[in-house]
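Source file: structure-v9.cif (mmCIF, C-alpha atoms)
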```
data_input
loop_
_atom_site.group_PDB
_atom_site.id
_atom_site.type_symbol
_atom_site.label_atom_id
_atom_site.label_comp_id
_atom_site.auth_asym_id
_atom_site.auth_seq_id
_atom_site.Cartn_x
_atom_site.Cartn_y
_atom_site.Cartn_z
ATOM 1 C CA MET I 1 9.520 -18.920 24.993
ATOM 2 C CA GLY I 2 6.802 -21.546 25.259
ATOM 3 C CA SER I 3 5.092 -22.919 22.170
ATOM 4 C CA LYS I 4 1.658 -21.672 21.103
ATOM 5 C CA ILE I 5 -1.058 -24.296 21.260
ATOM 6 C CA PHE I 6 -4.544 -24.518 19.784
ATOM 7 C CA LYS I 7 -7.277 -22.676 21.680
ATOM 8 C CA THR I 8 -11.012 -23.301 21.309
ATOM 9 C CA LEU I 9 -13.378 -20.401 20.677
ATOM 10 C CA ASP I 10 -14.477 -20.519 24.323
ATOM 11 C CA GLU I 11 -10.838 -20.356 25.418
ATOM 12 C CA GLN I 12 -10.171 -17.452 23.073
ATOM 13 C CA VAL I 13 -13.082 -15.524 24.594
ATOM 14 C CA GLU I 14 -11.777 -16.271 28.076
ATOM 15 C CA ILE I 15 -8.289 -15.036 27.153
ATOM 16 C CA LEU I 16 -9.734 -11.723 25.992
ATOM 17 C CA ARG I 17 -11.850 -11.406 29.124
ATOM 18 C CA ASN I 18 -8.842 -12.115 31.338
ATOM 19 C CA LYS I 19 -7.117 -9.176 29.666
ATOM 20 C CA GLY I 20 -9.994 -6.916 30.680
ATOM 21 C CA LEU I 21 -11.974 -6.842 27.429
ATOM 22 C CA ILE I 22 -15.732 -6.524 27.944
ATOM 23 C CA ILE I 23 -17.642 -9.203 26.004
ATOM 24 C CA GLU I 24 -21.382 -8.791 26.376
ATOM 25 C CA ASN I 25 -22.426 -11.385 23.790
ATOM 26 C CA PRO I 26 -20.102 -14.416 23.861
ATOM 27 C CA GLU I 27 -21.913 -16.286 21.061
ATOM 28 C CA THR I 28 -21.664 -13.363 18.661
ATOM 29 C CA THR I 29 -18.030 -12.888 19.646
ATOM 30 C CA LYS I 30 -17.236 -16.544 18.995
ATOM 31 C CA ASP I 31 -18.896 -16.328 15.592
ATOM 32 C CA VAL I 32 -16.711 -13.319 14.703
ATOM 33 C CA LEU I 33 -13.555 -15.044 15.942
ATOM 34 C CA PHE I 34 -14.432 -18.167 13.935
ATOM 35 C CA ARG I 35 -14.986 -16.159 10.734
ATOM 36 C CA GLU I 36 -12.235 -13.596 11.064
ATOM 37 C CA ASN I 37 -9.450 -15.327 13.045
ATOM 38 C CA TYR I 38 -8.487 -14.487 16.617
ATOM 39 C CA PHE I 39 -4.894 -13.702 15.660
ATOM 40 C CA PHE I 40 -5.832 -10.934 13.204
ATOM 41 C CA ILE I 41 -8.452 -9.310 15.421
ATOM 42 C CA ASN I 42 -6.037 -9.492 18.348
ATOM 43 C CA GLY I 43 -3.540 -7.573 16.191
ATOM 44 C CA TYR I 44 -5.420 -4.365 17.015
ATOM 45 C CA ARG I 45 -5.260 -4.808 20.787
ATOM 46 C CA HIS I 46 -2.274 -2.482 21.192
ATOM 47 C CA LEU I 47 -4.492 0.521 20.467
ATOM 48 C CA PHE I 48 -6.579 -0.288 23.538
ATOM 49 C CA MET I 49 -4.005 -1.526 26.029
ATOM 50 C CA ARG I 50 -2.658 0.331 29.050
ATOM 51 C CA SER I 51 0.925 -0.804 28.387
ATOM 52 C CA ASN I 52 2.910 -3.478 26.629
ATOM 53 C CA LYS I 53 3.932 -4.929 29.968
ATOM 54 C CA ASP I 54 0.694 -5.947 31.670
ATOM 55 C CA HIS I 55 -1.261 -6.652 28.425
ATOM 56 C CA GLN I 56 -4.456 -5.287 29.956
ATOM 57 C CA PHE I 57 -7.098 -3.347 28.067
ATOM 58 C CA PHE I 58 -8.127 0.124 29.169
ATOM 59 C CA PRO I 59 -11.105 -0.116 31.549
ATOM 60 C CA GLY I 60 -14.355 -0.193 29.603
ATOM 61 C CA THR I 61 -12.902 -1.454 26.321
ATOM 62 C CA THR I 62 -15.433 -3.650 24.511
ATOM 63 C CA PHE I 63 -15.085 -6.355 21.896
ATOM 64 C CA GLU I 64 -17.245 -4.195 19.624
ATOM 65 C CA GLU I 65 -14.574 -1.473 19.736
ATOM 66 C CA LEU I 66 -11.819 -3.960 18.963
ATOM 67 C CA TYR I 67 -13.754 -5.543 16.108
ATOM 68 C CA GLY I 68 -14.840 -2.133 14.829
ATOM 69 C CA THR I 69 -11.180 -1.154 14.513
ATOM 70 C CA PHE I 70 -10.456 -4.392 12.665
ATOM 71 C CA LEU I 71 -13.255 -3.598 10.199
ATOM 72 C CA PHE I 72 -12.038 -0.010 9.857
ATOM 73 C CA ASP I 73 -8.586 -1.243 8.865
ATOM 74 C CA ARG I 74 -10.105 -3.648 6.338
ATOM 75 C CA ARG I 75 -12.185 -0.904 4.724
ATOM 76 C CA ILE I 76 -9.280 1.542 4.618
ATOM 77 C CA ARG I 77 -7.140 -1.212 3.122
ATOM 78 C CA ASN I 78 -9.740 -1.836 0.402
ATOM 79 C CA ILE I 79 -9.965 1.890 -0.366
ATOM 80 C CA MET I 80 -6.199 2.250 -0.640
ATOM 81 C CA PHE I 81 -5.956 -0.862 -2.781
ATOM 82 C CA LYS I 82 -8.498 0.515 -5.223
ATOM 83 C CA TYR I 83 -6.549 3.735 -5.748
ATOM 84 C CA ILE I 84 -3.164 1.994 -5.856
ATOM 85 C CA LEU I 85 -4.548 -0.069 -8.746
ATOM 86 C CA ILE I 86 -5.491 3.140 -10.558
ATOM 87 C CA ILE I 87 -1.932 4.434 -10.179
ATOM 88 C CA GLU I 88 -0.547 1.032 -11.195
ATOM 89 C CA ASN I 89 -2.575 1.072 -14.402
ATOM 90 C CA ASN I 90 -1.474 4.654 -15.146
ATOM 91 C CA ILE I 91 2.202 3.818 -14.622
ATOM 92 C CA LYS I 92 1.976 0.722 -16.810
ATOM 93 C CA SER I 93 0.227 2.660 -19.563
ATOM 94 C CA LYS I 94 2.702 5.532 -19.531
ATOM 95 C CA ILE I 95 5.853 3.445 -19.294
ATOM 96 C CA SER I 96 4.725 1.177 -22.136
ATOM 97 C CA TYR I 97 3.955 4.240 -24.284
ATOM 98 C CA ILE I 98 7.368 5.787 -23.609
ATOM 99 C CA LEU I 99 9.312 2.596 -24.366
ATOM 100 C CA SER I 100 7.223 1.600 -27.404
ATOM 101 C CA LYS I 101 7.468 5.039 -28.964
ATOM 102 C CA LYS I 102 11.236 5.234 -28.528
ATOM 103 C CA TYR I 103 12.400 1.632 -28.977
ATOM 104 C CA GLY I 104 9.692 -0.248 -30.873
ATOM 105 C CA PHE I 105 6.684 -2.369 -30.014
ATOM 106 C CA LYS I 106 8.058 -5.908 -30.453
ATOM 107 C CA GLU I 107 9.670 -7.581 -27.442
ATOM 108 C CA LYS I 108 12.940 -8.134 -29.312
ATOM 109 C CA ASN I 109 13.144 -4.342 -29.606
ATOM 110 C CA TYR I 110 11.816 -2.983 -26.316
ATOM 111 C CA LEU I 111 13.600 -5.703 -24.279
ATOM 112 C CA ASP I 112 16.991 -5.043 -25.885
ATOM 113 C CA PRO I 113 19.491 -4.449 -23.025
ATOM 114 C CA LYS I 114 20.965 -1.510 -24.956
ATOM 115 C CA ASN I 115 17.733 0.397 -24.321
ATOM 116 C CA PHE I 116 18.332 0.470 -20.569
ATOM 117 C CA ASN I 117 20.749 1.986 -18.080
ATOM 118 C CA GLN I 118 24.292 1.304 -19.273
ATOM 119 C CA ASP I 119 26.117 1.976 -15.997
ATOM 120 C CA SER I 120 28.279 -1.005 -15.103
ATOM 121 C CA TYR I 121 26.810 -1.327 -11.601
ATOM 122 C CA ARG I 122 23.354 -1.713 -13.164
ATOM 123 C CA THR I 123 24.310 -4.522 -15.554
ATOM 124 C CA LYS I 124 23.193 -7.379 -13.313
ATOM 125 C CA GLN I 125 19.970 -5.592 -12.352
ATOM 126 C CA VAL I 126 19.124 -4.924 -16.009
ATOM 127 C CA HIS I 127 19.763 -8.584 -16.826
ATOM 128 C CA ASP I 128 17.622 -9.799 -13.922
ATOM 129 C CA VAL I 129 14.649 -7.527 -14.648
ATOM 130 C CA LEU I 130 14.578 -8.310 -18.357
ATOM 131 C CA ASN I 131 14.724 -12.027 -17.569
ATOM 132 C CA LYS I 132 11.745 -11.617 -15.232
ATOM 133 C CA MET I 133 9.809 -9.926 -18.014
ATOM 134 C CA LYS I 134 10.719 -12.624 -20.529
ATOM 135 C CA ARG I 135 9.657 -15.263 -18.030
ATOM 136 C CA GLN I 136 6.261 -13.564 -17.696
ATOM 137 C CA ILE I 137 5.894 -13.775 -21.472
ATOM 138 C CA ARG I 138 6.644 -17.515 -21.357
ATOM 139 C CA VAL I 139 4.467 -18.245 -18.331
ATOM 140 C CA ASN I 140 1.499 -15.947 -18.922
ATOM 141 C CA GLY I 141 1.676 -15.383 -22.661
ATOM 142 C CA LYS I 142 -0.698 -18.261 -23.390
ATOM 143 C CA GLN I 143 -3.020 -17.711 -20.422
ATOM 144 C CA HIS I 144 -4.414 -14.210 -21.029
ATOM 145 C CA SER I 145 -6.798 -13.503 -23.891
ATOM 146 C CA ALA I 146 -5.001 -10.326 -25.010
ATOM 147 C CA THR I 147 -1.533 -11.908 -25.089
ATOM 148 C CA VAL I 148 -2.908 -15.044 -26.768
ATOM 149 C CA HIS I 149 -4.536 -12.841 -29.404
ATOM 150 C CA TYR I 150 -1.298 -11.061 -30.276
ATOM 151 C CA LEU I 151 0.815 -14.212 -30.195
ATOM 152 C CA SER I 152 -1.650 -16.105 -32.381
ATOM 153 C CA ASN I 153 -2.258 -13.349 -34.905
ATOM 154 C CA TYR I 154 0.995 -11.374 -34.942
ATOM 155 C CA GLY I 155 3.631 -13.563 -33.308
ATOM 156 C CA TYR I 156 4.680 -11.009 -30.689
ATOM 157 C CA ILE I 157 3.365 -9.215 -27.597
ATOM 158 C CA PRO I 158 3.547 -5.419 -27.679
ATOM 159 C CA MET I 159 4.649 -3.622 -24.548
ATOM 160 C CA TRP I 160 1.212 -2.139 -23.890
ATOM 161 C CA ILE I 161 -0.186 -5.684 -23.677
ATOM 162 C CA LEU I 162 2.734 -7.180 -21.767
ATOM 163 C CA VAL I 163 2.377 -4.733 -18.872
ATOM 164 C CA LYS I 164 -1.035 -6.214 -18.065
ATOM 165 C CA VAL I 165 0.600 -9.480 -16.985
ATOM 166 C CA LEU I 166 3.537 -7.872 -15.158
ATOM 167 C CA SER I 167 3.330 -7.398 -11.405
ATOM 168 C CA PHE I 168 3.610 -3.880 -10.033
ATOM 169 C CA GLY I 169 6.846 -4.995 -8.374
ATOM 170 C CA ILE I 170 8.417 -5.871 -11.721
ATOM 171 C CA VAL I 171 7.199 -2.612 -13.267
ATOM 172 C CA SER I 172 8.774 -0.722 -10.355
ATOM 173 C CA GLU I 173 12.039 -2.550 -11.009
ATOM 174 C CA LEU I 174 11.694 -1.787 -14.715
ATOM 175 C CA TYR I 175 11.525 1.925 -13.962
ATOM 176 C CA CYS I 176 14.747 1.633 -11.924
ATOM 177 C CA ILE I 177 16.711 0.294 -14.919
ATOM 178 C CA LEU I 178 15.479 2.835 -17.461
ATOM 179 C CA LYS I 179 17.954 5.282 -18.879
ATOM 180 C CA PRO I 180 17.936 8.511 -16.830
ATOM 181 C CA GLU I 181 16.352 10.466 -19.670
ATOM 182 C CA ASP I 182 13.524 7.918 -19.926
ATOM 183 C CA GLN I 183 13.003 8.003 -16.169
ATOM 184 C CA LEU I 184 12.781 11.773 -16.390
ATOM 185 C CA THR I 185 10.169 11.604 -19.153
ATOM 186 C CA LEU I 186 7.891 9.634 -16.834
ATOM 187 C CA SER I 187 8.685 11.387 -13.546
ATOM 188 C CA GLU I 188 8.139 14.852 -15.025
ATOM 189 C CA ASN I 189 4.650 13.733 -15.967
ATOM 190 C CA TYR I 190 3.971 13.710 -12.213
ATOM 191 C CA ASP I 191 6.071 16.817 -11.488
ATOM 192 C CA LEU I 192 8.563 14.620 -9.650
ATOM 193 C CA ASP I 193 12.270 13.937 -10.017
ATOM 194 C CA GLY I 194 13.438 10.472 -11.008
ATOM 195 C CA GLU I 195 14.747 9.445 -7.585
ATOM 196 C CA THR I 196 11.533 10.494 -5.831
ATOM 197 C CA LEU I 197 9.398 8.509 -8.258
ATOM 198 C CA THR I 198 11.667 5.490 -7.673
ATOM 199 C CA ILE I 199 10.941 5.721 -3.932
ATOM 200 C CA TYR I 200 7.231 6.272 -4.536
ATOM 201 C CA LEU I 201 6.953 3.182 -6.740
ATOM 202 C CA THR I 202 8.765 1.099 -4.128
ATOM 203 C CA LEU I 203 6.333 2.179 -1.408
ATOM 204 C CA LEU I 204 3.312 1.742 -3.661
ATOM 205 C CA SER I 205 4.388 -1.800 -4.485
ATOM 206 C CA ASN I 206 4.918 -2.523 -0.785
ATOM 207 C CA PHE I 207 1.492 -1.227 0.215
ATOM 208 C CA ARG I 208 -0.136 -2.973 -2.750
ATOM 209 C CA ASN I 209 1.148 -6.356 -1.628
ATOM 210 C CA LEU I 210 0.088 -5.690 1.941
ATOM 211 C CA CYS I 211 -3.434 -4.728 0.843
ATOM 212 C CA ALA I 212 -3.760 -7.662 -1.537
ATOM 213 C CA HIS I 213 -2.940 -10.131 1.244
ATOM 214 C CA GLU I 214 -5.192 -8.522 3.871
ATOM 215 C CA ASP I 215 -2.295 -7.777 6.204
ATOM 216 C CA ILE I 216 -2.691 -5.304 9.063
ATOM 217 C CA LEU I 217 -2.392 -1.813 7.615
ATOM 218 C CA TYR I 218 -2.877 0.738 10.389
ATOM 219 C CA ASP I 219 0.592 0.508 11.969
ATOM 220 C CA HIS I 220 2.564 -0.597 8.914
ATOM 221 C CA ARG I 221 5.850 1.198 8.337
ATOM 222 C CA THR I 222 7.945 0.812 5.190
ATOM 223 C CA GLN I 223 11.723 0.543 5.248
ATOM 224 C CA ARG I 224 12.217 3.467 2.888
ATOM 225 C CA LYS I 225 10.924 6.946 3.633
ATOM 226 C CA ILE I 226 9.603 9.459 1.147
ATOM 227 C CA PRO I 227 11.471 12.770 0.814
ATOM 228 C CA ASP I 228 10.127 15.832 2.631
ATOM 229 C CA THR I 229 7.438 17.586 0.587
ATOM 230 C CA LYS I 230 5.616 20.889 0.664
ATOM 231 C CA TYR I 231 2.672 19.005 2.179
ATOM 232 C CA HIS I 232 4.682 18.168 5.287
ATOM 233 C CA TYR I 233 5.605 21.830 5.614
ATOM 234 C CA LEU I 234 2.223 23.385 4.814
ATOM 235 C CA LEU I 235 0.389 20.983 7.135
ATOM 236 C CA ASN I 236 2.851 22.005 9.839
ATOM 237 C CA ILE I 237 3.450 18.376 10.782
ATOM 238 C CA GLU I 238 5.323 18.057 14.044
ATOM 239 C CA MET I 239 8.999 17.157 13.939
ATOM 240 C CA THR I 240 11.375 15.256 16.201
ATOM 241 C CA ASP I 241 15.124 15.654 15.680
ATOM 242 C CA ASP I 242 14.477 17.421 12.340
ATOM 243 C CA GLU I 243 12.345 14.494 11.128
ATOM 244 C CA TYR I 244 8.618 14.781 10.435
ATOM 245 C CA ASN I 245 6.610 12.565 12.788
ATOM 246 C CA PHE I 246 3.992 11.658 10.179
ATOM 247 C CA GLY I 247 3.876 11.113 6.438
ATOM 248 C CA LYS I 248 7.312 9.599 5.886
ATOM 249 C CA ASN I 249 6.936 5.799 5.839
ATOM 250 C CA ASP I 250 3.414 5.331 7.187
ATOM 251 C CA LEU I 251 -0.075 5.315 5.736
ATOM 252 C CA TYR I 252 -0.121 9.101 5.459
ATOM 253 C CA ALA I 253 3.011 8.879 3.308
ATOM 254 C CA LEU I 254 0.855 6.830 0.940
ATOM 255 C CA VAL I 255 -1.776 9.593 1.006
ATOM 256 C CA ILE I 256 0.915 12.157 0.108
ATOM 257 C CA ILE I 257 2.069 9.955 -2.769
ATOM 258 C CA MET I 258 -1.489 9.652 -4.029
ATOM 259 C CA LYS I 259 -1.947 13.415 -3.808
ATOM 260 C CA GLN I 260 0.788 13.731 -6.424
ATOM 261 C CA MET I 261 -0.112 10.766 -8.631
ATOM 262 C CA LEU I 262 -3.924 10.742 -8.800
ATOM 263 C CA THR I 263 -6.084 13.277 -10.590
ATOM 264 C CA ASN I 264 -7.684 15.959 -8.429
ATOM 265 C CA ASP I 265 -11.080 14.284 -8.693
ATOM 266 C CA GLU I 266 -9.674 10.871 -7.811
ATOM 267 C CA PHE I 267 -7.799 12.232 -4.820
ATOM 268 C CA ARG I 268 -10.805 14.163 -3.573
ATOM 269 C CA GLN I 269 -12.876 10.978 -3.723
ATOM 270 C CA LEU I 270 -10.152 9.082 -1.869
ATOM 271 C CA ILE I 271 -10.163 11.617 0.967
ATOM 272 C CA TYR I 272 -13.959 11.517 1.117
ATOM 273 C CA GLU I 273 -13.990 7.715 1.391
ATOM 274 C CA VAL I 274 -11.248 7.607 4.023
ATOM 275 C CA GLY I 275 -12.901 10.422 5.965
ATOM 276 C CA TYR I 276 -16.201 8.582 5.996
ATOM 277 C CA GLU I 277 -14.598 5.464 7.492
ATOM 278 C CA ILE I 278 -12.805 7.546 10.117
ATOM 279 C CA ASP I 279 -16.112 9.163 11.078
ATOM 280 C CA VAL I 280 -17.711 5.714 11.366
ATOM 281 C CA LEU I 281 -14.850 4.552 13.589
ATOM 282 C CA ASP I 282 -15.238 7.653 15.757
ATOM 283 C CA GLY I 283 -18.836 6.625 16.385
ATOM 284 C CA LYS I 284 -17.815 3.112 17.457
ATOM 285 C CA VAL I 285 -14.805 3.776 19.711
ATOM 286 C CA ASP I 286 -15.152 5.641 23.003
ATOM 287 C CA THR I 287 -12.307 4.219 25.100
ATOM 288 C CA VAL I 288 -9.459 5.710 23.054
ATOM 289 C CA PRO I 289 -9.446 9.272 21.617
ATOM 290 C CA LEU I 290 -9.744 9.265 17.835
ATOM 291 C CA ASN I 291 -6.619 11.358 17.328
ATOM 292 C CA ASN I 292 -4.599 8.695 19.212
ATOM 293 C CA ILE I 293 -5.713 6.111 16.672
ATOM 294 C CA LEU I 294 -5.072 8.470 13.755
ATOM 295 C CA ASN I 295 -1.569 9.274 14.998
ATOM 296 C CA LYS I 296 -0.862 5.550 15.335
ATOM 297 C CA ILE I 297 -1.842 5.200 11.680
ATOM 298 C CA GLY I 298 0.455 8.093 10.808
ATOM 299 C CA PHE I 299 -2.256 10.707 10.231
ATOM 300 C CA PRO I 300 -1.722 14.175 11.706
ATOM 301 C CA ASP I 301 -4.778 15.718 13.383
ATOM 302 C CA ASN I 302 -5.313 18.042 10.381
ATOM 303 C CA TRP I 303 -4.883 15.246 7.831
ATOM 304 C CA ARG I 304 -7.883 16.305 5.717
ATOM 305 C CA GLU I 305 -6.407 19.723 4.918
ATOM 306 C CA ILE I 306 -4.110 18.210 2.284
ATOM 307 C CA ILE I 307 -7.076 18.219 -0.076
ATOM 308 C CA ASN I 308 -6.962 22.046 -0.210
ATOM 309 C CA ILE I 309 -3.231 22.347 -0.933
ATOM 310 C CA GLU I 310 -2.399 22.979 -4.577
#
```

What does this structure look like when you write it as structure tokens?
Amino acid sequence: MGSKIFKTLDEQVEILRNKGLIIENPETTKDVLFRENYFFINGYRHLFMRSNKDHQFFPGTTFEELYGTFLFDRRIRNIMFKYILIIENNIKSKISYILSKKYGFKEKNYLDPKNFNQDSYRTKQVHDVLNKMKRQIRVNGKQHSATVHYLSNYGYIPMWILVKVLSFGIVSELYCILKPEDQLTLSENYDLDGETLTIYLTLLSNFRNLCAHEDILYDHRTQRKIPDTKYHYLLNIEMTDDEYNFGKNDLYALVIIMKQMLTNDEFRQLIYEVGYEIDVLDGKVDTVPLNNILNKIGFPDNWREIINIE
């Protein structure tokens, strides 16, 4: 495989034209490519290409459609990020309450290894996670106003303050090392079993990192899949080889997770915001049917109906 070399904006425009993309305003296109990066905009080309072999766009595909899809993905990513942060804050608040109430509010108490899963195969994981948390106390303890306040005035950082400086990834790992009864206390708050919440937190952390770094969202697939839910069944999502085609490890799986972890009002607002952006995209793209794009994202055609399922 030959090496990739630098291409000027004019050369980038010519590459797109040679692939059949209609560019009516080259100067505007070059300005977009300069601001947004050719590589990232080009990441959406697969939605508009006839095949992966000839790398040619469908006849009539315009740069405006390609860029409109890029902007759609950015806006959906920002929406999802906002609601993931709400769930993150809720999880941190609840897990700190559970641990503080049961084990104490000073780090020497709530970080005692005896308070966590005692299975021998978990020993190393417990040790690693607690060390990560202690490191966050050392690194961030003197950088955040709340932690500085508690350290200066009380000499310790309570759990409900510590969680503010912990990444969602570490909090997800923390949940994994809790004693089963403590996991159940939290998972039952969401009407979930402990294993399902473990999977949900893993996917939420994965999508959070993707959103925070402005990675391409629309065709992202996670390694782990969520268990089948009543939403898959009631939406009558199509199956292949006894596996649901949508809502397992794609963006719609994230929607299903949020259905179970946001309040009804929050989830309704999420669906409204996502629906608005999909309607905007529908007005910008003519070359490819909207449902083709939605299915690529992982959304079934009747994706909105989840809002009415209790």

Give one line per residue of region 37-136 of chain I that approaches region 153-163 of chain I to at most 7 Å, naming the two atoms of the closest pair and their distance in Å to one decimal, counting all atoms listed in the file; sort by chain then ascending residue number and deliver it as a Markdown table.
```
| residue | atom | partner | partner_atom | distance |
| --- | --- | --- | --- | --- |
| I:Lys92 | CA | I:Val163 | CA | 5.8 |
| I:Ser93 | CA | I:Trp160 | CA | 6.5 |
| I:Ser96 | CA | I:Trp160 | CA | 5.1 |
| I:Tyr97 | CA | I:Trp160 | CA | 7.0 |
| I:Ser100 | CA | I:Met159 | CA | 6.5 |
| I:Phe105 | CA | I:Pro158 | CA | 5.0 |
| I:Lys106 | CA | I:Pro158 | CA | 5.3 |
| I:Glu107 | CA | I:Pro158 | CA | 6.5 |
```

Which residue, I:Arg208, I:Lys94, I:His149, I:Arg135, has the smallest gap to Phe168 (chain I) when you use all atoms listed in the file?
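Under the stated criterion, the closest residue is I:Arg208.
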
Which residues are close to Val171 (chain I), i.e. within 12 Å by all atoms listed in the file, leaving aside same-chain residues fewer than 5 positions away? Reply as a list in words.
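Surrounding residues, per the criterion: Ile87, Glu88, Asn89, Asn90, Ile91, Lys92, Ser93, Lys94, Ile95, Ser96, Val129, Leu130, Lys132, Met133, Gln136, Met159, Leu162, Val163, Lys164, Val165, Leu166, Cys176, Ile177, Leu178, Thr198, Leu201, Thr202, Leu204 and Ser205 of chain I.
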
Up to 12 Å from (3.6, 17.9, 13.0) in the file's coordinates: name the residues, counting all atoms listed in the file, as a short mmCIF file (atom, residue, chain, number, x, y, z; two decimals) with C-alpha atoms, keeping the file's coordinate frame.
```cif
data_model
loop_
_atom_site.label_atom_id
_atom_site.label_comp_id
_atom_site.auth_asym_id
_atom_site.auth_seq_id
_atom_site.Cartn_x
_atom_site.Cartn_y
_atom_site.Cartn_z
CA TYR I 231 2.67 19.00 2.18
CA HIS I 232 4.68 18.17 5.29
CA TYR I 233 5.60 21.83 5.61
CA LEU I 234 2.22 23.38 4.81
CA LEU I 235 0.39 20.98 7.14
CA ASN I 236 2.85 22.00 9.84
CA ILE I 237 3.45 18.38 10.78
CA GLU I 238 5.32 18.06 14.04
CA MET I 239 9.00 17.16 13.94
CA THR I 240 11.38 15.26 16.20
CA ASP I 242 14.48 17.42 12.34
CA GLU I 243 12.34 14.49 11.13
CA TYR I 244 8.62 14.78 10.44
CA ASN I 245 6.61 12.56 12.79
CA PHE I 246 3.99 11.66 10.18
CA GLY I 247 3.88 11.11 6.44
CA LYS I 248 7.31 9.60 5.89
CA ASN I 295 -1.57 9.27 15.00
CA GLY I 298 0.46 8.09 10.81
CA PHE I 299 -2.26 10.71 10.23
CA PRO I 300 -1.72 14.18 11.71
CA ASP I 301 -4.78 15.72 13.38
CA ASN I 302 -5.31 18.04 10.38
CA TRP I 303 -4.88 15.25 7.83
#
```

Just to confirm, what's the straight-line distance from CA of Glu188 (chain I) to CA of Val274 (chain I) in Å (one decimal)?
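Taking CA of Glu188 (chain I) as the start and CA of Val274 (chain I) as the end point, the length is 28.1 Å.
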
Each residue of region 216-272 of chain I with at least one atom at most 10 Å from region 193-197 of chain I should appear once, together with its nearest atom pair and the corresponding distance in Å (one decimal); atoms considered: all atoms listed in the file; ordering: chain, then increasing residue number; output as a tab-separated table.
```
residue	atom	partner	partner_atom	distance
I:Ile226	CA	I:Thr196	CA	7.3
I:Pro227	CA	I:Thr196	CA	7.0
I:Ile257	CA	I:Leu197	CA	9.3
I:Met261	CA	I:Leu197	CA	9.8
```

Output the selection as a compact mmCIF listing (two decimals), in the frame of the given file - C-alpha atoms for each residue.
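selection-v9.txt, freshly written:
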```txt
# COMPACT_ATOMS: atom_id res chain seq x y z
CA ILE I 226 9.60 9.46 1.15
CA PRO I 227 11.47 12.77 0.81
CA ILE I 257 2.07 9.96 -2.77
CA MET I 261 -0.11 10.77 -8.63
```

Residues matched by the PyMOL selection byres ((chain I and resi 290) around 12) as a list of chain:residue names:
I:Leu47, I:Phe48, I:Glu65, I:Thr69, I:Ile278, I:Asp279, I:Val280, I:Leu281, I:Asp282, I:Gly283, I:Lys284, I:Val285, I:Asp286, I:Thr287, I:Val288, I:Pro289, I:Asn291, I:Asn292, I:Ile293, I:Leu294, I:Asn295, I:Lys296, I:Ile297, I:Phe299, I:Pro300, I:Asp301

What is the distance, in Å and to one decimal place, between CA of Val126 (chain I) and CA of Leu254 (chain I)?
27.6 Å
